[in-house]
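K.L.:
Contents of data12.cif (mmCIF, C-alpha atoms) are given next:
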data_run
loop_
_atom_site.label_atom_id
_atom_site.label_comp_id
_atom_site.auth_asym_id
_atom_site.auth_seq_id
_atom_site.Cartn_x
_atom_site.Cartn_y
_atom_site.Cartn_z
CA MET A 356 81.59 106.60 114.57
CA TYR A 357 81.90 105.28 110.99
CA SER A 358 80.41 108.38 109.38
CA LYS A 359 83.43 110.54 110.25
CA GLY A 360 84.78 112.11 107.06
CA LEU A 361 82.08 110.49 104.92
CA VAL A 362 80.91 113.70 103.22
CA PRO A 363 84.36 114.89 102.03
CA LEU A 364 85.17 111.32 101.00
CA ALA A 365 81.96 111.08 98.95
CA ALA A 366 82.71 114.45 97.34
CA ALA A 367 86.26 113.33 96.50
CA SER A 368 84.89 110.10 94.96
CA VAL A 369 82.42 111.97 92.76
CA VAL A 370 85.06 114.48 91.60
CA THR A 371 87.68 111.79 90.89
CA ILE A 372 85.29 109.49 89.01
CA THR A 373 83.89 112.37 86.97
CA THR A 374 87.47 113.44 86.15
CA ALA A 375 88.35 109.85 85.23
CA PHE A 376 85.35 109.57 82.88
CA ALA A 377 86.28 112.90 81.26
CA LEU A 378 89.87 111.70 80.79
CA VAL A 379 88.69 108.36 79.36
CA PHE A 380 86.52 109.91 76.66
CA PHE A 381 88.24 113.26 75.95
CA TYR A 382 91.94 112.83 76.79
CA ALA A 383 93.17 109.24 76.53
CA PRO A 384 94.13 108.31 72.94
CA LEU A 385 92.49 105.43 71.09
CA ASP A 386 94.36 102.16 71.39
CA ALA A 387 96.08 101.32 68.10
CA ASP A 388 95.23 97.61 68.39
CA GLN A 389 91.82 97.46 70.05
CA GLY A 390 90.38 100.84 69.16
CA PHE A 391 87.44 102.29 71.12
CA VAL A 392 86.66 98.98 72.91
CA GLN A 393 89.82 99.45 75.01
CA LYS A 394 87.96 102.23 76.93
CA ILE A 395 86.23 99.43 78.86
CA PHE A 396 89.56 98.68 80.54
CA TYR A 397 89.57 102.02 82.39
CA ILE A 398 86.65 100.81 84.46
CA HIS A 399 87.05 97.02 84.29
CA VAL A 400 90.66 96.77 85.56
CA PRO A 401 90.38 99.31 88.45
CA MET A 402 87.26 97.47 89.66
CA ALA A 403 89.11 94.14 89.52
CA ILE A 404 92.12 95.53 91.43
CA VAL A 405 89.94 97.21 94.08
CA ALA A 406 87.75 94.10 94.47
CA LEU A 407 90.81 91.88 95.04
CA CYS A 408 92.27 94.41 97.51
CA GLY A 409 88.86 94.49 99.24
CA PHE A 410 88.95 90.70 99.67
CA VAL A 411 92.45 90.93 101.17
CA ALA A 412 91.32 93.82 103.43
CA GLY A 413 88.41 91.63 104.57
CA GLY A 414 90.98 89.01 105.63
CA TRP A 415 93.05 91.64 107.43
CA PHE A 416 90.01 92.92 109.37
CA ALA A 417 89.17 89.31 110.21
CA ILE A 418 92.65 88.86 111.71
CA ARG A 419 92.04 91.99 113.81
CA HIS A 420 88.71 90.50 114.93
CA LEU A 421 90.20 87.18 115.98
CA ARG A 422 93.04 88.92 117.84
CA SER A 423 90.91 91.50 119.66
CA GLY A 424 87.54 89.75 119.87
CA GLU A 425 85.83 93.04 118.93
CA ARG A 426 82.72 92.52 116.79
CA SER A 427 83.28 95.83 114.99
CA TRP A 428 86.24 94.29 113.11
CA ASP A 429 84.05 91.42 111.94
CA MET A 430 81.54 93.96 110.67
CA ARG A 431 84.32 95.79 108.79
CA SER A 432 85.43 92.48 107.28
CA TYR A 433 81.89 91.52 106.27
CA VAL A 434 81.18 94.87 104.58
CA ALA A 435 84.55 94.83 102.73
CA ILE A 436 83.83 91.34 101.37
CA HIS A 437 80.22 92.23 100.55
CA LEU A 438 81.30 95.27 98.52
CA SER A 439 84.09 93.32 96.82
CA ILE A 440 81.57 90.69 95.68
CA ILE A 441 79.41 93.43 94.15
CA LEU A 442 82.47 94.88 92.37
CA GLY A 443 83.47 91.34 91.38
CA LEU A 444 80.11 90.87 89.69
CA ALA A 445 80.64 94.12 87.78
CA VAL A 446 84.14 92.92 86.79
CA LEU A 447 82.76 89.66 85.38
CA VAL A 448 80.00 91.43 83.45
CA THR A 449 82.22 94.20 82.02
CA GLY A 450 84.91 91.60 81.24
CA ALA A 451 82.40 89.50 79.32
CA ILE A 452 81.27 92.59 77.38
CA TRP A 453 84.89 93.36 76.47
CA ALA A 454 85.56 89.73 75.53
CA LYS A 455 82.54 89.67 73.21
CA ALA A 456 83.65 92.90 71.51
CA SER A 457 87.30 91.91 71.29
CA TRP A 458 87.36 88.11 70.93
CA GLY A 459 83.84 87.49 69.65
CA HIS A 460 83.03 85.29 72.67
CA TRP A 461 81.39 86.21 75.98
CA TRP A 462 83.63 83.80 77.87
CA LEU A 463 86.70 81.63 77.22
CA TRP A 464 87.32 78.75 79.60
CA ASP A 465 90.99 78.36 78.62
CA GLU A 466 91.86 81.93 79.66
CA PRO A 467 93.58 81.79 83.10
CA VAL A 468 92.85 85.39 84.19
CA LEU A 469 89.11 85.06 83.55
CA VAL A 470 88.72 81.65 85.12
CA SER A 471 90.88 82.47 88.15
CA PHE A 472 88.82 85.59 88.86
CA LEU A 473 85.64 83.51 88.54
CA VAL A 474 87.10 80.98 91.00
CA VAL A 475 87.83 83.77 93.52
CA PHE A 476 84.34 85.23 93.00
CA LEU A 477 82.62 81.86 93.49
CA LEU A 478 84.79 81.15 96.54
CA TYR A 479 83.56 84.35 98.17
CA CYS A 480 79.95 83.62 97.19
CA VAL A 481 80.21 80.76 99.72
CA TYR A 482 80.81 83.38 102.45
CA TYR A 483 77.10 84.35 102.63
CA PRO A 484 75.58 80.89 103.22
CA LEU A 485 78.39 80.11 105.67
CA ARG A 486 77.86 83.32 107.63
CA PHE A 487 74.08 83.30 107.73
CA SER A 488 73.70 79.60 108.46
CA ILE A 489 75.15 80.22 111.95
CA GLU A 490 72.70 81.77 114.40
CA ASP A 491 74.94 82.42 117.39
CA PRO A 492 76.47 85.89 116.73
CA ASP A 493 79.86 85.13 118.30
CA ARG A 494 80.27 81.85 116.44
CA GLN A 495 79.05 83.50 113.26
CA ALA A 496 81.69 86.23 113.57
CA ARG A 497 84.45 83.74 114.45
CA TYR A 498 83.73 81.26 111.64
CA SER A 499 83.30 84.08 109.12
CA SER A 500 86.65 85.53 110.18
CA VAL A 501 88.39 82.19 109.69
CA PHE A 502 86.88 81.94 106.20
CA ALA A 503 87.82 85.56 105.38
CA ILE A 504 91.45 84.96 106.41
CA THR A 505 91.77 81.68 104.47
CA ALA A 506 90.14 83.05 101.36
CA GLY A 507 92.01 86.36 101.71
CA ALA A 508 95.32 84.48 101.68
CA PHE A 509 94.18 82.61 98.56
CA VAL A 510 93.67 85.84 96.57
CA PRO A 511 97.36 86.91 96.24
CA LEU A 512 98.42 83.27 95.74
CA ASN A 513 95.91 82.97 92.94
CA PHE A 514 97.14 86.24 91.42
CA ILE A 515 100.78 85.07 91.49
CA ALA A 516 99.84 81.69 90.00
CA VAL A 517 98.10 83.39 87.09
CA ARG A 518 101.08 85.69 86.50
CA LEU A 519 103.34 82.64 86.41
CA ALA A 520 101.07 80.88 83.92
CA GLU A 521 102.52 80.56 80.46
CA LYS A 522 99.57 81.57 78.40
CA TYR A 523 98.95 85.31 78.19
CA THR A 524 96.08 85.95 75.86
CA HIS A 525 94.51 88.42 78.32
CA PRO A 526 96.13 91.86 77.91
CA ARG A 527 98.41 93.07 80.74
CA VAL A 528 97.58 96.59 81.93
CA LEU A 529 100.31 96.95 84.54
CA SER A 530 103.61 95.14 84.53
CA GLN A 531 106.90 95.39 86.41
CA THR A 532 108.52 97.07 83.44
CA GLY A 533 105.71 99.59 83.16
CA GLY A 534 104.07 97.95 80.17
CA SER A 535 103.63 99.70 76.87
CA MET A 536 100.91 102.11 77.99
CA PRO A 537 101.50 105.69 76.80
CA GLY A 538 101.60 108.46 79.43
CA GLU A 539 98.06 109.74 78.72
CA MET A 540 96.60 106.24 79.05
CA ARG A 541 98.58 105.56 82.24
CA LEU A 542 97.41 108.83 83.84
CA THR A 543 93.79 108.09 82.90
CA PHE A 544 94.06 104.58 84.27
CA LEU A 545 95.58 105.77 87.58
CA VAL A 546 92.88 108.44 88.04
CA ALA A 547 90.20 105.79 87.36
CA LEU A 548 91.88 103.44 89.85
CA LEU A 549 91.94 106.20 92.49
CA GLY A 550 88.28 107.00 91.77
CA VAL A 551 87.14 103.40 92.18
CA ALA A 552 89.25 103.01 95.34
CA LEU A 553 87.72 106.17 96.85
CA LEU A 554 84.25 104.98 95.85
CA PHE A 555 84.89 101.65 97.55
CA VAL A 556 85.97 103.31 100.81
CA THR A 557 82.99 105.72 100.68
CA LEU A 558 80.46 102.92 100.17
CA TRP A 559 82.21 100.80 102.81
CA LYS A 560 81.87 103.61 105.36
CA LEU A 561 78.28 104.30 104.27
CA GLU A 562 77.21 100.69 104.77
CA LEU A 563 79.07 100.48 108.09
CA THR A 564 77.26 103.65 109.24
CA ALA A 565 73.88 102.16 108.30
CA LYS A 566 74.69 98.84 110.01
CA HIS A 567 75.94 100.59 113.14
CA ALA A 568 72.81 102.76 113.31
CA SER A 569 70.63 99.67 112.89
CA MET A 570 72.43 97.87 115.73
CA GLN A 571 72.17 100.91 118.02
CA LEU A 572 68.45 101.10 117.26
CA LYS A 573 68.01 97.44 118.14
CA ARG A 574 69.75 98.01 121.48
CA LEU A 575 67.55 101.03 122.16
CA ARG A 576 64.39 99.03 121.39
CA ASN A 577 65.47 96.20 123.68
CA ARG A 578 66.14 98.72 126.45
CA ALA A 579 62.73 100.33 125.92
CA ARG A 580 61.07 96.88 126.00
CA VAL A 581 62.81 96.00 129.28
CA ALA A 582 61.87 99.36 130.80
CA ALA A 583 58.21 98.88 129.80
CA MET B 463 90.21 89.95 65.61
CA PRO B 464 90.52 93.42 63.98
CA ALA B 465 89.34 96.42 66.06
CA LEU B 466 85.59 97.05 65.82
CA PRO B 467 84.40 100.23 64.06
CA LEU B 468 83.44 103.10 66.41
CA ASP B 469 79.66 102.75 65.96
CA GLU B 470 79.75 99.06 66.86
CA ALA B 471 82.34 99.36 69.66
CA GLY B 472 80.37 102.26 71.19
CA LYS B 473 77.51 99.91 72.14
CA TYR B 474 79.84 97.65 74.11
CA VAL B 475 81.65 100.53 75.82
CA ALA B 476 78.33 102.16 76.76
CA ALA B 477 77.02 98.84 78.10
CA ALA B 478 80.11 98.38 80.32
CA TYR B 479 79.84 101.89 81.78
CA VAL B 480 76.07 101.53 82.26
CA VAL B 481 76.69 98.31 84.24
CA PHE B 482 79.12 100.18 86.52
CA VAL B 483 76.84 103.18 87.09
CA ALA B 484 73.70 101.01 87.50
CA LEU B 485 75.35 98.79 90.12
CA ILE B 486 76.50 101.83 92.13
CA LEU B 487 73.05 103.45 91.91
CA ILE B 488 71.26 100.23 92.96
CA TYR B 489 73.65 99.82 95.88
CA VAL B 490 73.21 103.42 97.05
CA ALA B 491 69.42 103.09 96.69
CA ILE B 492 69.40 99.95 98.86
CA ILE B 493 71.53 101.62 101.56
CA GLY B 494 69.32 104.75 101.28
CA ALA B 495 66.19 102.63 101.83
CA LYS B 496 67.86 101.01 104.83
CA ILE B 497 68.69 104.40 106.38
CA ALA B 498 65.13 105.64 105.71
CA ARG B 499 63.77 102.56 107.53
CA ILE B 500 66.05 103.23 110.50
CA GLU B 501 64.88 106.85 110.63
CA ARG B 502 61.21 105.70 110.56
CA GLN B 503 61.84 103.24 113.40
CA ILE B 504 63.58 105.92 115.48
CA THR B 505 60.59 108.20 114.99
CA GLU B 506 58.25 105.39 116.15
CA LEU B 507 60.44 104.79 119.19
CA VAL B 508 60.40 108.49 120.12
CA GLU B 509 56.61 108.64 119.65
CA ASP B 510 56.14 105.55 121.86
CA ASP B 511 58.36 107.13 124.51
CA GLU B 512 56.28 110.33 124.51
#
If you convert what's in this file into structure tokens, what do you get?

P.N.:
Amino acid sequence: MYSKGLVPLAAASVVTITTAFALVFFYAPLDADQGFVQKIFYIHVPMAIVALCGFVAGGWFAIRHLRSGERSWDMRSYVAIHLSIILGLAVLVTGAIWAKASWGHWWLWDEPVLVSFLVVFLLYCVYYPLRFSIEDPDRQARYSSVFAITAGAFVPLNFIAVRLAEKYTHPRVLSQTGGSMPGEMRLTFLVALLGVALLFVTLWKLELTAKHASMQLKRLRNRARVAA
Amino acid sequence: MPALPLDEAGKYVAAAYVVFVALILIYVAIIGAKIARIERQITELVEDDE
């Protein structure tokens, strides 16, 4: 069911990420201002974008769950949020590494982009205790969906609020005017973004396949127990 | 702050990419272990049925 197209998708992810890494280290020029440290951005920013899109997708799947009542949509929402939290953790760690190299500090509390991402991350960390504190599966799925929709709506609002903020000490990678990124850097960044997006979808399908198999096994065991 | 020299910046860049690769590998390993457990349980179920 969920495993359809998983192998070609996994192969595409590996090829794209390998290409992206090759472009990062052998094709993209060194940044005139930041030097070699800027290479962190080719992995940090795509992960942040994909994680935020994953949170929004989790909200979208939750809407589908509440409208249809099908548990499979709740499972899709849960796995999307779960993966986005993992990516979010990687974003915070790689961001801190870049900040230390570039600013000399691991974290700056007056930097709106950093703090707003942390707020989103911590908000979604609440999802686990909320979900697993409810034993009844239907209620668990329903309450989790409501949370996923509310939090999913908060993500773009948060993003817009940060963009409207006056202080811009955090570098902008993409802007409406196209930014000042040279063509080679832009191409490398877009390939890295595609690679991380493909990786996200591959891992999402992989986890869904494992969860679906586990649920089918449980049903089979219950049937065997009843038959015995 | 001025840009770090290559030898010093390299450590930070390597650390960031190691974090990314390590997280992916840990995640795949956990899912792999889960699938292996499911396969083991299916085998037990088939053996019980026989």

K.L.:
Select, as an mmCIF file with C-alpha atoms, in the coordinates of the input, those residues of chain A with any atom no more than 7 Å from chain B (distances computed using only C-alpha atoms).

P.N.:
data_model
loop_
_atom_site.group_PDB
_atom_site.id
_atom_site.type_symbol
_atom_site.label_atom_id
_atom_site.label_comp_id
_atom_site.auth_asym_id
_atom_site.auth_seq_id
_atom_site.Cartn_x
_atom_site.Cartn_y
_atom_site.Cartn_z
ATOM 1 C CA ASP A 388 95.230 97.610 68.390
ATOM 2 C CA GLN A 389 91.820 97.460 70.050
ATOM 3 C CA GLY A 390 90.380 100.840 69.160
ATOM 4 C CA PHE A 391 87.440 102.290 71.120
ATOM 5 C CA VAL A 392 86.660 98.980 72.910
ATOM 6 C CA LYS A 394 87.960 102.230 76.930
ATOM 7 C CA ILE A 395 86.230 99.430 78.860
ATOM 8 C CA ALA A 445 80.640 94.120 87.780
ATOM 9 C CA THR A 449 82.220 94.200 82.020
ATOM 10 C CA ILE A 452 81.270 92.590 77.380
ATOM 11 C CA ALA A 456 83.650 92.900 71.510
ATOM 12 C CA SER A 457 87.300 91.910 71.290
ATOM 13 C CA TRP A 458 87.360 88.110 70.930
ATOM 14 C CA GLU A 562 77.210 100.690 104.770
ATOM 15 C CA ALA A 565 73.880 102.160 108.300
ATOM 16 C CA SER A 569 70.630 99.670 112.890
#

K.L.:
Name all residues at most 10 Å from stretch 362-365 of chain A (count all atoms listed in the file; drop same-chain ones fewer than 5 positions away) and give them as number ranges by chain.

P.N.:
A: 370-371, 553-558, 560-561

K.L.:
To one decimal in Å, tell me the separation between atom CA of A:Glu425 and atom CA of A:Ser368.

P.N.:
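Computed distance, atom CA of A:Glu425 to atom CA of A:Ser368, equals 29.4 Å.
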
K.L.:
For A:Pro401, work out the shell of residues within 7 Å, counting only C-alpha atoms and skipping chain neighbours fewer than 4 positions away, then give it as an mmCIF file with C-alpha atoms, in the coordinates of the input.

P.N.:
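Writing the result to out.cif gives the following:
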data_model
loop_
_atom_site.group_PDB
_atom_site.id
_atom_site.type_symbol
_atom_site.label_atom_id
_atom_site.label_comp_id
_atom_site.auth_asym_id
_atom_site.auth_seq_id
_atom_site.Cartn_x
_atom_site.Cartn_y
_atom_site.Cartn_z
ATOM 1 C CA TYR A 397 89.570 102.020 82.390
ATOM 2 C CA VAL A 405 89.940 97.210 94.080
ATOM 3 C CA ALA A 547 90.200 105.790 87.360
ATOM 4 C CA LEU A 548 91.880 103.440 89.850
ATOM 5 C CA VAL A 551 87.140 103.400 92.180
#

K.L.:
What is the atom CA of A:Trp464-atom CA of A:Ala403 distance in Å, reported with one decimal?

P.N.:
18.4 Å

K.L.:
Apply the PyMOL selection byres ((chain A and resi 513) around 12) to the displayed file and report the matching residues as a ChimeraX atom specification.

P.N.:
/A:407,411,467-476,478,506-512,514-520

K.L.:
Ranking A:Met536, A:Gly450, A:Tyr433, A:Phe410 by minimum distance to A:Arg486 and counting all atoms listed in the file, which one comes first?

P.N.:
A:Tyr433

K.L.:
Counting only C-alpha atoms, find the residues whose atoms lie at most 6 Å from (92.5, 88.9, 105.0) (file coordinates) and write them out as a list in words.

P.N.:
Val411, Ala412, Gly413, Gly414, Trp415, Ala503, Ile504 and Gly507 of chain A

K.L.:
Quick check, in Å to one decimal: how far apart do atom CA of A:Lys359 and atom CA of A:Ser432 lie?

P.N.:
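Straight-line distance from atom CA of A:Lys359 to atom CA of A:Ser432 works out to 18.4 Å.
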
K.L.:
Using all atoms listed in the file, which protein or nucleic acid residues come within 10 Å of stretch 541-546 of chain A? Drop anything in the same chain fewer than 4 positions from it, and give the result as a list in words.

P.N.:
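Near stretch 541-546 of chain A, the qualifying residues are Thr371, Ile372, Thr373, Thr374, Ala375, Phe376, Ala377, Leu378, Val379, Phe380, Tyr382, Ala383, Pro384, Lys394, Phe396, Tyr397, Ile398, Val400, Pro401, Val528, Leu529, Gly533, Gly534, Ser535, Met536, Pro537, Gly550, Val551 and Ala552 of chain A.
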
K.L.:
Ranking A:Phe502, A:Ile436, A:Ala579, A:Trp559 by minimum distance to B:Val508 and counting only C-alpha atoms, which one comes first?

P.N.:
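Distance minimum relative to B:Val508 lands on A:Ala579.
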
K.L.:
Take stretch 482-516 of chain A from the preceding structure and save C-alpha atoms as a CSV table (one decimal), in the first residue's frame.

P.N.:
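Writing the result to part-v2.csv gives the following:
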chain,number,residue,atom,x,y,z
A,482,TYR,CA,2.5,16.6,20.1
A,483,TYR,CA,4.0,13.4,21.5
A,484,PRO,CA,2.8,13.6,25.1
A,485,LEU,CA,-0.6,14.8,23.9
A,486,ARG,CA,-1.0,11.9,21.5
A,487,PHE,CA,0.3,9.1,23.7
A,488,SER,CA,-1.5,10.3,26.8
A,489,ILE,CA,-4.8,9.3,25.2
A,490,GLU,CA,-5.5,5.6,25.2
A,491,ASP,CA,-8.7,5.4,23.1
A,492,PRO,CA,-7.4,5.2,19.4
A,493,ASP,CA,-10.3,7.2,17.9
A,494,ARG,CA,-10.0,10.0,20.5
A,495,GLN,CA,-6.2,9.9,20.1
A,496,ALA,CA,-6.4,10.3,16.4
A,497,ARG,CA,-9.1,13.1,16.7
A,498,TYR,CA,-7.3,15.2,19.3
A,499,SER,CA,-3.9,14.7,17.5
A,500,SER,CA,-5.5,15.9,14.3
A,501,VAL,CA,-6.9,19.1,16.0
A,502,PHE,CA,-3.5,19.8,17.4
A,503,ALA,CA,-1.8,19.2,14.0
A,504,ILE,CA,-4.2,21.6,12.2
A,505,THR,CA,-3.8,24.3,14.8
A,506,ALA,CA,-0.1,24.0,15.0
A,507,GLY,CA,0.2,23.6,11.2
A,508,ALA,CA,-1.7,26.9,10.7
A,509,PHE,CA,0.8,28.6,13.2
A,510,VAL,CA,3.8,27.6,11.1
A,511,PRO,CA,3.2,30.0,8.0
A,512,LEU,CA,1.9,32.7,10.4
A,513,ASN,CA,5.1,32.4,12.3
A,514,PHE,CA,7.2,32.5,9.1
A,515,ILE,CA,5.4,35.7,7.9
A,516,ALA,CA,5.8,37.4,11.3
